[in-house]
Amino acid sequence: MGAFVNALDQEPWRFIISFLVIVVLTLNTAAILTLAERKVAGYIQLRYGPNRTGFRGILQPAADVIKLFVKENVAPGKADRWVFLAAPIAMFVPAAVIWMVVPFAPKAVVTNLNIGLLFVVSTTSIGALGVIMAGYGSHSNFSLLGALRGAAQMISYEVPLILSLLGTIILTGSLSLSDVVDKQAGGFWHWYIWSQLPMFAVFYIASIAEVKRVPFDLPEGESEIVGGYQIEYSGMTWAMIQASEFASMGLMSAITVTLFLGGWQPPFEFLDLGNFDWIWFGLKAALVMFTLQWVRWSVPRFRMDQLMDLGWKVLVPLSLVWLLVTAAGTLIVG
Amino acid sequence: MLKEEERRRAETVVPGGRESGRLARPDIRDEFGLETMDMNMGPQHPSMHGLLRLVLELDGETVVRCDPVMGYLHRCQEKIAENRLYPAVIPLTDRLDYLANIHNEHGYCMAVEDLMDVEVPPRAEAIRVLMSELMRLASHIPSIGFLLLELGAFSPILYAFRERERIQDIFEAITGARMMFHYIRIGGVKADLPEGMEERIWNYIESLEASFKRDFIDLIEGNEIFVARTRGVGKLTQQKALEIGLTGPPLRCTGVDFDVRRDYPYSWYPNVEFDVVTDEAGDVEASYRVRVKECYQSMRIIKQVLEKMPEGEVMADLGRRLRPPEGEGFGRVEGPRGEFAVHVVSDGTDVPYRVHYRDPSFVNMQMLQEIVPGHYLPDIMPIMGLIDPVSGGWDK
Amino acid sequence: MAMPQIGQGTLKGMGITLKHLLSKKITRQYPEYKRQMPERSRGMLTVDMDRCIACLQCMRICPDHCISIDQTKRDFDGSGKPKPFAVGFMIDDSRCMYCSLCVEVCPVNCIYHTEEFEVQAYSRLELARQFGERPVDPTVDPKPQVKKKRPVRGGSKGKAAAKKKAAGKEEEAA
């Protein structure tokens, strides 16, 4: 058995297995999250979500995928065809690729980059490009508005996102995500959320803004610009955009869990499951995703200028101040 | 050439709209070739309270000009009413403001009773007031829900519709239909309340009072995002509101103390005590507060009516064929959106010669053209929440 | 514009939604559960043909022209005097708006509302329900028969002339 596992650890098996795991994980996260979102929405709104397809609605994602596959992909007549079709792909790729550096269990990470965090933040920026491509390529007033809003929002919320990571980097001493999780060993009082609570809040809010969910879903503003940058997409192209949004949501939850909530570390030492610690990782990520959905169905959305005010005037100063505090604390305590 | 004319016309209607921003400086405008963007928030839109087309001219995110185009739901109701017998017009009036049907029927019946000089029995008047106030509840609560739906919160509207469904169940037990009641008739109401209905309404009002604060006040009022989106948006002065001719909650939220139920009392309203709710601020948040307090006043009125309901018959004796004398009749009621008035002209036959509806949604919508320019694009939705129009109302 | 500080109000709101998430749901699972319709509920119309006297009142008052009656005279009880009889009676559900005007105006109470509300069919013509012996064509707009009146002394003024004017307007509109 040990020899078999060692054989699998060699190329090219490692590559094939990792590829399959990443693709399956991303797409299934997106699919299952559509169902979870609708069920959570239903329960908050005093109704059941989808509960007719399959047992308690469990086959609903399959029904959705089949429906979207057989729908016609309509594009506006004057749309720039290449840009229009490339945009969903540009939005989906970052959400899929970043899973490569996320550690699921001790020694179960696709590639243990020693600049893991740098890779994460730089790849997230490509999402903004996808939004602009979608909005511009659609050749429509509403899409253009949505694209401009999306670009402004995503680019300006990357600053607090990155600044809030710097605290954990100082505490860890390295940019590798596996090291970040290893340093949080020892039960849940060692998790970074306690010493970095303001940074956690900043990162959480900035990640909601990066994923463009309520209360920051103005680029997609359903009430005024009915879909914003994704208004002209239908069928599988729209499914790709939605899948990328849900997959990013799952990904941001995973990064939050890795950085602040201890990754695959169990909350108490005696609950350690060894190689099955990905169960802890999954539970924590699911909890964070639930809170994201809970926020979505409870609060209204911001207006553009209030959104920018929040990003630049509240989150950036807060993260800078706490960065100073962390640095000073590390210097003093040693 | 035509665009210049349009611009001049727009500037006279909207004094403040064009003076802000880069467009006001011709040197910047010409050097960079800046233009406004014409956009159409078209009749197919999920948040337009119906079929409304707004022709917008945007400078970035700021609205420079806003022209509403109405008429996508026009059903020629006033013309059809000229071909129908007097009692057969009542189902038509049901379909005007379809979120507050009883008030429409009441207005029309008051107009015809004014024309024919009919005395309505007191029990019928009390039942009419009871139904009107229940309907006001059933209309204000979804209004709050719609305001929040357009701001982006998807849950309060479902709590609101749960309440509306319960009220509609009560209506179904009394009148037989959930929405198009056809209950208030010329000379009274169609039938008496069934057995046990007063108990049921009383219990419902008590349970509503208990859950109203949690679902519609605590969830919304302190919410910072809600406050940031609605405070100072759509600010109306008393002068402007009176100039445009607003009535109802949009007028009362600026501080003008006018309510048809108190100033031109009709039906059983002289026998009940209630306060007219006003607020000083004149913005969207103020209209939300006015509607919430009006819900409490409605609950108070319903309780008083249930306690003091007189006995007697519910329909005046008018004979089978209604043939009013020649003349005119006018009836006005306070609907949840404002003052609803009906003017009926008769020429002695058994079909009306002319029926004219003064609908509050139509008149209140005129403030869009005056107030919206200068605001941002996402502010249009809270302003629609302030007016709270219904497309059956403005289009008839 | 004031900067929003996320804090107490939003968290209190989220607490309320969480409480709703854990409370009993109000969905009624239709069609497994059908609620009891109240006594007075106005569902689909139905006619008791044994009592109908073919007076055409319901046809005249219906605002949407959804009732269509073929009237003949037939001798029932052998008394030698043929009485009006509805040989064709059609109610078009695609037009009915459940206003209950026909129910109120019927002198023998033979047309009434049932509690059924599930009106569905695969084509619009299937929605026209026939109650009489001979089917009535649902694509033809029914016109109430206008009885000819003797000319009234006094010319164009007076009740009868006004009635004729009204009937004429109704015919124009139909």
# chains A, B, ... in the order shown; residues from 1 in each chain; ligands from 1
>>> residues_around(residues="segment 81-92 of chain A", least_positions_apart="5", cutoff="10 Å", atoms="only C-alpha atoms", output="PDB file with N, CA and C atoms, in the first residue's frame")
ATOM      1  N   THR A  26     -13.464  22.305  -8.549  1.00  0.00           N
ATOM      2  CA  THR A  26     -14.004  23.617  -8.941  1.00  0.00           C
ATOM      3  C   THR A  26     -15.420  23.491  -9.458  1.00  0.00           C
ATOM      4  N   ASN A  73     -26.854  29.710 -27.138  1.00  0.00           N
ATOM      5  CA  ASN A  73     -25.950  30.786 -26.722  1.00  0.00           C
ATOM      6  C   ASN A  73     -26.169  31.969 -27.619  1.00  0.00           C
ATOM      7  N   ALA A  75     -25.807  35.883 -28.732  1.00  0.00           N
ATOM      8  CA  ALA A  75     -24.912  37.020 -28.590  1.00  0.00           C
ATOM      9  C   ALA A  75     -25.534  38.196 -29.318  1.00  0.00           C
ATOM     10  N   PRO A  76     -25.330  39.408 -28.848  1.00  0.00           N
ATOM     11  CA  PRO A  76     -25.876  40.556 -29.586  1.00  0.00           C
ATOM     12  C   PRO A  76     -25.226  40.676 -30.950  1.00  0.00           C
ATOM     13  N   VAL A  97      -7.480  27.939 -10.994  1.00  0.00           N
ATOM     14  CA  VAL A  97      -6.045  27.727 -10.892  1.00  0.00           C
ATOM     15  C   VAL A  97      -5.528  27.886  -9.477  1.00  0.00           C
ATOM     16  N   THR A 124      -5.734  36.486  -8.684  1.00  0.00           N
ATOM     17  CA  THR A 124      -7.086  37.019  -8.452  1.00  0.00           C
ATOM     18  C   THR A 124      -7.342  38.262  -9.280  1.00  0.00           C
ATOM     19  N   ILE A 126      -6.718  38.804 -12.247  1.00  0.00           N
ATOM     20  CA  ILE A 126      -7.143  38.570 -13.626  1.00  0.00           C
ATOM     21  C   ILE A 126      -8.656  38.580 -13.734  1.00  0.00           C
ATOM     22  N   GLY A 127      -9.338  38.307 -12.617  1.00  0.00           N
ATOM     23  CA  GLY A 127     -10.799  38.322 -12.648  1.00  0.00           C
ATOM     24  C   GLY A 127     -11.362  39.656 -13.112  1.00  0.00           C
ATOM     25  N   ALA A 128     -10.666  40.733 -12.689  1.00  0.00           N
ATOM     26  CA  ALA A 128     -11.153  42.056 -13.096  1.00  0.00           C
ATOM     27  C   ALA A 128     -11.109  42.197 -14.613  1.00  0.00           C
ATOM     28  N   LEU A 129     -10.084  41.621 -15.205  1.00  0.00           N
ATOM     29  CA  LEU A 129      -9.981  41.715 -16.654  1.00  0.00           C
ATOM     30  C   LEU A 129     -11.152  41.017 -17.327  1.00  0.00           C
ATOM     31  N   GLY A 130     -11.540  39.865 -16.771  1.00  0.00           N
ATOM     32  CA  GLY A 130     -12.665  39.146 -17.347  1.00  0.00           C
ATOM     33  C   GLY A 130     -13.947  39.961 -17.328  1.00  0.00           C
ATOM     34  N   VAL A 131     -14.143  40.706 -16.235  1.00  0.00           N
ATOM     35  CA  VAL A 131     -15.363  41.508 -16.126  1.00  0.00           C
ATOM     36  C   VAL A 131     -15.388  42.593 -17.187  1.00  0.00           C
ATOM     37  N   ILE A 132     -14.225  43.227 -17.387  1.00  0.00           N
ATOM     38  CA  ILE A 132     -14.197  44.304 -18.386  1.00  0.00           C
ATOM     39  C   ILE A 132     -14.436  43.735 -19.774  1.00  0.00           C
ATOM     40  N   MET A 133     -13.868  42.559 -20.036  1.00  0.00           N
ATOM     41  CA  MET A 133     -14.078  41.961 -21.346  1.00  0.00           C
ATOM     42  C   MET A 133     -15.548  41.643 -21.573  1.00  0.00           C
ATOM     43  N   ALA A 134     -16.184  41.128 -20.529  1.00  0.00           N
ATOM     44  CA  ALA A 134     -17.599  40.779 -20.692  1.00  0.00           C
ATOM     45  C   ALA A 134     -18.437  42.011 -20.965  1.00  0.00           C
ATOM     46  N   GLY A 135     -18.179  43.067 -20.193  1.00  0.00           N
ATOM     47  CA  GLY A 135     -19.013  44.247 -20.346  1.00  0.00           C
ATOM     48  C   GLY A 135     -18.767  44.966 -21.646  1.00  0.00           C
ATOM     49  N   TYR A 136     -17.504  45.047 -22.055  1.00  0.00           N
ATOM     50  CA  TYR A 136     -17.190  45.766 -23.281  1.00  0.00           C
ATOM     51  C   TYR A 136     -17.634  44.964 -24.494  1.00  0.00           C
ATOM     52  N   GLY A 137     -17.405  43.652 -24.445  1.00  0.00           N
ATOM     53  CA  GLY A 137     -17.720  42.847 -25.613  1.00  0.00           C
ATOM     54  C   GLY A 137     -19.210  42.721 -25.878  1.00  0.00           C
ATOM     55  N   SER A 138     -20.049  43.055 -24.884  1.00  0.00           N
ATOM     56  CA  SER A 138     -21.478  42.871 -25.088  1.00  0.00           C
ATOM     57  C   SER A 138     -22.114  43.993 -25.886  1.00  0.00           C
ATOM     58  N   HIS A 139     -21.450  45.080 -26.012  1.00  0.00           N
ATOM     59  CA  HIS A 139     -21.945  46.182 -26.841  1.00  0.00           C
ATOM     60  C   HIS A 139     -23.340  46.626 -26.405  1.00  0.00           C
ATOM     61  N   GLN A 230     -23.217  40.725 -17.223  1.00  0.00           N
ATOM     62  CA  GLN A 230     -23.618  39.421 -17.721  1.00  0.00           C
ATOM     63  C   GLN A 230     -25.004  39.440 -18.332  1.00  0.00           C
ATOM     64  N   GLU A 232     -26.034  40.038 -21.376  1.00  0.00           N
ATOM     65  CA  GLU A 232     -26.250  39.542 -22.718  1.00  0.00           C
ATOM     66  C   GLU A 232     -25.866  38.081 -22.874  1.00  0.00           C
ATOM     67  N   TYR A 233     -25.492  37.444 -21.782  1.00  0.00           N
ATOM     68  CA  TYR A 233     -25.058  36.055 -21.866  1.00  0.00           C
ATOM     69  C   TYR A 233     -26.218  35.135 -21.571  1.00  0.00           C
ATOM     70  N   MET A 236     -24.729  28.277 -22.041  1.00  0.00           N
ATOM     71  CA  MET A 236     -23.524  27.787 -21.389  1.00  0.00           C
ATOM     72  C   MET A 236     -22.557  28.910 -21.064  1.00  0.00           C
ATOM     73  N   THR A 237     -22.526  29.973 -21.844  1.00  0.00           N
ATOM     74  CA  THR A 237     -21.637  31.087 -21.522  1.00  0.00           C
ATOM     75  C   THR A 237     -22.038  31.692 -20.181  1.00  0.00           C
ATOM     76  N   TRP A 238     -23.338  31.854 -19.974  1.00  0.00           N
ATOM     77  CA  TRP A 238     -23.777  32.389 -18.680  1.00  0.00           C
ATOM     78  C   TRP A 238     -23.491  31.411 -17.567  1.00  0.00           C
ATOM     79  N   ALA A 239     -23.616  30.119 -17.882  1.00  0.00           N
ATOM     80  CA  ALA A 239     -23.333  29.131 -16.854  1.00  0.00           C
ATOM     81  C   ALA A 239     -21.874  29.212 -16.432  1.00  0.00           C
ATOM     82  N   MET A 240     -20.988  29.484 -17.406  1.00  0.00           N
ATOM     83  CA  MET A 240     -19.576  29.632 -17.040  1.00  0.00           C
ATOM     84  C   MET A 240     -19.369  30.816 -16.109  1.00  0.00           C
ATOM     85  N   ILE A 241     -20.060  31.926 -16.390  1.00  0.00           N
ATOM     86  CA  ILE A 241     -19.888  33.094 -15.530  1.00  0.00           C
ATOM     87  C   ILE A 241     -20.399  32.785 -14.129  1.00  0.00           C
ATOM     88  N   GLN A 242     -21.561  32.152 -14.048  1.00  0.00           N
ATOM     89  CA  GLN A 242     -22.096  31.817 -12.729  1.00  0.00           C
ATOM     90  C   GLN A 242     -21.198  30.832 -12.020  1.00  0.00           C
ATOM     91  N   ALA A 243     -20.698  29.848 -12.776  1.00  0.00           N
ATOM     92  CA  ALA A 243     -19.805  28.869 -12.157  1.00  0.00           C
ATOM     93  C   ALA A 243     -18.562  29.559 -11.642  1.00  0.00           C
ATOM     94  N   SER A 244     -18.048  30.532 -12.398  1.00  0.00           N
ATOM     95  CA  SER A 244     -16.853  31.213 -11.920  1.00  0.00           C
ATOM     96  C   SER A 244     -17.157  32.016 -10.674  1.00  0.00           C
ATOM     97  N   GLU A 245     -18.376  32.600 -10.612  1.00  0.00           N
ATOM     98  CA  GLU A 245     -18.694  33.362  -9.393  1.00  0.00           C
ATOM     99  C   GLU A 245     -18.783  32.448  -8.187  1.00  0.00           C
ATOM    100  N   PHE A 246     -19.447  31.313  -8.334  1.00  0.00           N
ATOM    101  CA  PHE A 246     -19.563  30.417  -7.187  1.00  0.00           C
ATOM    102  C   PHE A 246     -18.246  29.762  -6.846  1.00  0.00           C
ATOM    103  N   ALA A 247     -17.474  29.431  -7.876  1.00  0.00           N
ATOM    104  CA  ALA A 247     -16.185  28.815  -7.595  1.00  0.00           C
ATOM    105  C   ALA A 247     -15.262  29.809  -6.888  1.00  0.00           C
ATOM    106  N   SER A 248     -15.330  31.094  -7.295  1.00  0.00           N
ATOM    107  CA  SER A 248     -14.532  32.097  -6.584  1.00  0.00           C
ATOM    108  C   SER A 248     -14.976  32.215  -5.145  1.00  0.00           C
TER     109      SER A 248
END
>>> interface_residues(of="chain C", to="chain A", cutoff="7 Å", atoms="only C-alpha atoms", output="list in words")
Met3, Pro4, Thr10, Gly13, Met14, Thr17, Leu18, His20, Leu21, Lys25, Ile26 and Thr27 of chain C
>>> write_last_selection(atoms="C-alpha atoms", output="PDB file, in the first residue's frame")
ATOM      1  CA  MET C   3     -19.482  56.502   5.163  1.00  0.00           C
ATOM      2  CA  PRO C   4     -21.381  53.471   6.346  1.00  0.00           C
ATOM      3  CA  THR C  10     -26.635  44.948  10.120  1.00  0.00           C
ATOM      4  CA  GLY C  13     -30.768  42.162  10.994  1.00  0.00           C
ATOM      5  CA  MET C  14     -28.685  39.089  10.341  1.00  0.00           C
ATOM      6  CA  THR C  17     -32.823  36.250   9.395  1.00  0.00           C
ATOM      7  CA  LEU C  18     -31.044  33.473  11.254  1.00  0.00           C
ATOM      8  CA  HIS C  20     -36.269  32.853  10.502  1.00  0.00           C
ATOM      9  CA  LEU C  21     -33.969  30.224   9.057  1.00  0.00           C
ATOM     10  CA  LYS C  25     -41.642  27.103   7.138  1.00  0.00           C
ATOM     11  CA  ILE C  26     -44.946  28.348   5.824  1.00  0.00           C
ATOM     12  CA  THR C  27     -44.911  26.636   2.461  1.00  0.00           C
TER      13      THR C  27
END
>>> closest_residue(among="A:Pro215, A:Gly77, A:Gly187, A:Pro160", to="chain B", atoms="only C-alpha atoms")
A:Pro215
>>> atom_distance(atom1="atom CA of Val110 of chain A", atom2="atom CA of Met249 of chain A")
20.0 Å
>>> closest_atom_pairs(of="chain B", to="chain A", cutoff="9 Å", atoms="only C-alpha atoms", output="CSV")
residue,atom,partner,partner_atom,distance
B:Met37,CA,A:Asn141,CA,8.2
B:Asp38,CA,A:Asn141,CA,8.4
B:Met39,CA,A:Asn141,CA,6.7
B:Asn40,CA,A:Asn141,CA,8.7
B:Met41,CA,A:Glu224,CA,8.0
B:His45,CA,A:Val226,CA,7.3
B:Pro46,CA,A:Ser223,CA,6.6
B:Ser47,CA,A:Ser223,CA,5.7
B:Met48,CA,A:Ser223,CA,8.8
B:Gly60,CA,A:Leu145,CA,8.3
B:Glu61,CA,A:Leu145,CA,8.2
B:Leu148,CA,A:Pro300,CA,7.0
B:Leu149,CA,A:Ser223,CA,7.9
B:Glu150,CA,A:Ser223,CA,5.3
B:Leu151,CA,A:Pro300,CA,5.4
B:Gly152,CA,A:Pro300,CA,4.4
B:Ala153,CA,A:Pro300,CA,4.2
B:Phe154,CA,A:Trp297,CA,5.8
B:Ser155,CA,A:Gln45,CA,5.6
B:Pro156,CA,A:Gln45,CA,8.0
B:Ile157,CA,A:Gln45,CA,8.8
B:Leu158,CA,A:Gln45,CA,6.0
B:Tyr159,CA,A:Gln45,CA,7.0
B:Arg162,CA,A:Leu46,CA,8.9
B:Leu219,CA,A:Ser298,CA,8.6
B:Ile220,CA,A:Val299,CA,8.8
B:Asn223,CA,A:Val299,CA,7.9
B:Ile225,CA,A:Pro300,CA,6.4
B:Phe226,CA,A:Pro300,CA,6.5
B:Ala228,CA,A:Gln306,CA,7.9
B:Arg229,CA,A:Arg303,CA,6.9
B:Tyr376,CA,A:Arg303,CA,8.6
B:Leu377,CA,A:Glu224,CA,7.7
B:Pro378,CA,A:Glu224,CA,6.3
B:Asp379,CA,A:Arg303,CA,8.1
B:Ile380,CA,A:Glu224,CA,8.2
B:Met381,CA,A:Glu224,CA,7.2
>>> closest_residue(among="B:Arg300, B:Arg200, B:Arg95, B:Arg321", to="Asp395 of chain B", atoms="only C-alpha atoms")
B:Arg95
>>> interface_residues(of="chain B", to="chain C", cutoff="10 Å", atoms="only C-alpha atoms", output="ChimeraX atom specification")
/B:80,82-85,87-92,155-156,159,162,169-178,180-183,194,214-215,217-229,231-232,320,323,347-352
>>> atom_distance(atom1="atom CA of Ser195 of chain A", atom2="atom CA of Trp322 of chain A")
10.0 Å
>>> closest_residue(among="A:Pro94, A:Pro266, A:Gly282, A:Gly235", to="Ser253 of chain A", atoms="only C-alpha atoms")
A:Gly282
>>> select_by_dssp(residues="segment 136-235 of chain B", states="strand (DSSP E)", output="VMD selection string")
chain B and resid 184 to 185 188 to 189
>>> residues_around(residues="Val159 of chain A", least_positions_apart="5", cutoff="12 Å", atoms="only C-alpha atoms", output="PDB file with C-alpha atoms, in the first residue's frame")
ATOM      1  CA  VAL A 121      -3.183  37.686  -5.091  1.00  0.00           C
ATOM      2  CA  SER A 122      -1.737  38.123  -8.533  1.00  0.00           C
ATOM      3  CA  THR A 124      -7.086  37.019  -8.452  1.00  0.00           C
ATOM      4  CA  SER A 125      -6.457  40.251 -10.309  1.00  0.00           C
ATOM      5  CA  ALA A 152     -13.490  49.981 -10.299  1.00  0.00           C
ATOM      6  CA  GLN A 153     -14.748  47.793  -7.498  1.00  0.00           C
ATOM      7  CA  MET A 154     -12.483  44.829  -8.038  1.00  0.00           C
ATOM      8  CA  SER A 164      -4.809  42.331   5.280  1.00  0.00           C
ATOM      9  CA  LEU A 165      -2.653  39.362   4.328  1.00  0.00           C
ATOM     10  CA  LEU A 166       0.512  41.096   5.377  1.00  0.00           C
ATOM     11  CA  VAL A 202     -11.061  43.427   6.381  1.00  0.00           C
ATOM     12  CA  PHE A 203     -10.181  40.316   4.420  1.00  0.00           C
ATOM     13  CA  ALA A 206     -12.797  42.549   0.721  1.00  0.00           C
ATOM     14  CA  SER A 207     -13.315  38.970  -0.392  1.00  0.00           C
ATOM     15  CA  ALA A 209     -16.313  42.532  -2.824  1.00  0.00           C
ATOM     16  CA  GLU A 210     -13.918  40.549  -4.997  1.00  0.00           C
ATOM     17  CA  MET A 308     -15.613  53.095  -2.793  1.00  0.00           C
ATOM     18  CA  GLY A 311     -12.937  50.417   0.541  1.00  0.00           C
ATOM     19  CA  TRP A 312     -10.580  53.345   0.560  1.00  0.00           C
ATOM     20  CA  LYS A 313     -11.529  55.266   3.642  1.00  0.00           C
ATOM     21  CA  VAL A 314     -12.334  52.521   6.098  1.00  0.00           C
ATOM     22  CA  LEU A 315     -10.720  49.228   5.172  1.00  0.00           C
ATOM     23  CA  VAL A 316      -7.325  50.481   3.979  1.00  0.00           C
ATOM     24  CA  PRO A 317      -6.554  52.633   7.052  1.00  0.00           C
ATOM     25  CA  LEU A 318      -7.764  49.884   9.363  1.00  0.00           C
ATOM     26  CA  SER A 319      -5.530  47.284   7.785  1.00  0.00           C
ATOM     27  CA  LEU A 320      -2.532  49.644   7.754  1.00  0.00           C
TER      28      LEU A 320
END
>>> closest_residue(among="B:Glu285, B:Asp97, B:Glu294, B:Glu328", to="His140 of chain B", atoms="only C-alpha atoms")
B:Glu294
>>> atom_distance(atom1="atom CA of Ala36 of chain A", atom2="atom CA of Ala285 of chain A")
13.3 Å
>>> select_by_dssp(residues="segment 182-266 of chain A", states="alpha helix (DSSP H)", output="PyMOL selection string")
chain A and resi 182-183+192-195+197-211+236-260
>>> residues_around(residues="Lys73 of chain C", least_positions_apart="3", cutoff="12 Å", atoms="only C-alpha atoms", output="mmCIF file with C-alpha atoms, in the first residue's frame")
data_model
loop_
_atom_site.group_PDB
_atom_site.id
_atom_site.type_symbol
_atom_site.label_atom_id
_atom_site.label_comp_id
_atom_site.auth_asym_id
_atom_site.auth_seq_id
_atom_site.Cartn_x
_atom_site.Cartn_y
_atom_site.Cartn_z
ATOM 1 C CA ILE C 53 -85.293 29.357 -18.168
ATOM 2 C CA ALA C 54 -83.195 30.920 -20.913
ATOM 3 C CA CYS C 55 -83.972 34.468 -19.871
ATOM 4 C CA ASP C 70 -78.744 29.459 -28.173
ATOM 5 C CA PHE C 76 -92.131 20.646 -22.140
ATOM 6 C CA GLY C 80 -99.352 23.593 -26.018
ATOM 7 C CA LYS C 81 -97.427 26.705 -25.052
ATOM 8 C CA PRO C 82 -93.756 26.511 -26.018
ATOM 9 C CA LYS C 83 -91.461 28.102 -23.465
ATOM 10 C CA PRO C 84 -87.975 29.509 -24.083
ATOM 11 C CA PHE C 85 -85.326 26.874 -23.709
ATOM 12 C CA ALA C 86 -81.566 27.027 -23.932
ATOM 13 C CA VAL C 87 -80.568 24.412 -26.444
#
>>> closest_residue(among="A:Gly250, A:Gly186, A:Gly57, A:Pro103", to="Phe281 of chain A", atoms="only C-alpha atoms")
A:Pro103
>>> decode(residues="segment 37-55 of chain C", atoms="N, CA and C atoms", output="PDB file, in the first residue's frame")
ATOM      1  N   MET C  37     -61.112  25.538   0.744  1.00  0.00           N
ATOM      2  CA  MET C  37     -61.519  26.824   0.205  1.00  0.00           C
ATOM      3  C   MET C  37     -62.669  27.367   1.044  1.00  0.00           C
ATOM      4  N   PRO C  38     -62.706  28.652   1.306  1.00  0.00           N
ATOM      5  CA  PRO C  38     -63.808  29.198   2.101  1.00  0.00           C
ATOM      6  C   PRO C  38     -65.143  29.042   1.376  1.00  0.00           C
ATOM      7  N   GLU C  39     -66.214  29.218   2.145  1.00  0.00           N
ATOM      8  CA  GLU C  39     -67.554  28.985   1.592  1.00  0.00           C
ATOM      9  C   GLU C  39     -67.837  29.836   0.394  1.00  0.00           C
ATOM     10  N   ARG C  40     -67.455  31.092   0.472  1.00  0.00           N
ATOM     11  CA  ARG C  40     -67.890  32.019  -0.556  1.00  0.00           C
ATOM     12  C   ARG C  40     -66.936  32.104  -1.720  1.00  0.00           C
ATOM     13  N   SER C  41     -65.961  31.217  -1.797  1.00  0.00           N
ATOM     14  CA  SER C  41     -64.931  31.438  -2.802  1.00  0.00           C
ATOM     15  C   SER C  41     -65.512  31.270  -4.191  1.00  0.00           C
ATOM     16  N   ARG C  42     -65.035  32.086  -5.101  1.00  0.00           N
ATOM     17  CA  ARG C  42     -65.598  32.143  -6.442  1.00  0.00           C
ATOM     18  C   ARG C  42     -64.697  31.372  -7.382  1.00  0.00           C
ATOM     19  N   GLY C  43     -65.076  30.152  -7.661  1.00  0.00           N
ATOM     20  CA  GLY C  43     -64.280  29.350  -8.576  1.00  0.00           C
ATOM     21  C   GLY C  43     -64.921  29.341  -9.942  1.00  0.00           C
ATOM     22  N   MET C  44     -64.776  28.211 -10.631  1.00  0.00           N
ATOM     23  CA  MET C  44     -65.345  28.091 -11.972  1.00  0.00           C
ATOM     24  C   MET C  44     -66.870  28.090 -11.906  1.00  0.00           C
ATOM     25  N   LEU C  45     -67.482  28.572 -12.976  1.00  0.00           N
ATOM     26  CA  LEU C  45     -68.939  28.636 -13.017  1.00  0.00           C
ATOM     27  C   LEU C  45     -69.514  27.305 -13.462  1.00  0.00           C
ATOM     28  N   THR C  46     -70.714  26.999 -13.011  1.00  0.00           N
ATOM     29  CA  THR C  46     -71.403  25.839 -13.532  1.00  0.00           C
ATOM     30  C   THR C  46     -72.892  26.145 -13.565  1.00  0.00           C
ATOM     31  N   VAL C  47     -73.608  25.437 -14.443  1.00  0.00           N
ATOM     32  CA  VAL C  47     -75.023  25.736 -14.677  1.00  0.00           C
ATOM     33  C   VAL C  47     -75.847  24.502 -14.377  1.00  0.00           C
ATOM     34  N   ASP C  48     -76.963  24.707 -13.701  1.00  0.00           N
ATOM     35  CA  ASP C  48     -77.917  23.627 -13.502  1.00  0.00           C
ATOM     36  C   ASP C  48     -78.952  23.733 -14.616  1.00  0.00           C
ATOM     37  N   MET C  49     -78.772  22.931 -15.658  1.00  0.00           N
ATOM     38  CA  MET C  49     -79.587  23.136 -16.848  1.00  0.00           C
ATOM     39  C   MET C  49     -81.055  22.826 -16.631  1.00  0.00           C
ATOM     40  N   ASP C  50     -81.390  22.050 -15.577  1.00  0.00           N
ATOM     41  CA  ASP C  50     -82.794  21.732 -15.362  1.00  0.00           C
ATOM     42  C   ASP C  50     -83.578  22.958 -14.964  1.00  0.00           C
ATOM     43  N   ARG C  51     -82.895  23.913 -14.340  1.00  0.00           N
ATOM     44  CA  ARG C  51     -83.642  25.072 -13.862  1.00  0.00           C
ATOM     45  C   ARG C  51     -83.560  26.263 -14.803  1.00  0.00           C
ATOM     46  N   CYS C  52     -82.666  26.207 -15.776  1.00  0.00           N
ATOM     47  CA  CYS C  52     -82.453  27.404 -16.586  1.00  0.00           C
ATOM     48  C   CYS C  52     -83.686  27.717 -17.412  1.00  0.00           C
ATOM     49  N   ILE C  53     -84.117  28.978 -17.392  1.00  0.00           N
ATOM     50  CA  ILE C  53     -85.293  29.357 -18.168  1.00  0.00           C
ATOM     51  C   ILE C  53     -84.935  30.182 -19.379  1.00  0.00           C
ATOM     52  N   ALA C  54     -83.663  30.240 -19.700  1.00  0.00           N
ATOM     53  CA  ALA C  54     -83.195  30.920 -20.913  1.00  0.00           C
ATOM     54  C   ALA C  54     -83.688  32.357 -20.987  1.00  0.00           C
ATOM     55  N   CYS C  55     -83.528  33.078 -19.850  1.00  0.00           N
ATOM     56  CA  CYS C  55     -83.972  34.468 -19.871  1.00  0.00           C
ATOM     57  C   CYS C  55     -82.923  35.390 -20.448  1.00  0.00           C
TER      58      CYS C  55
END
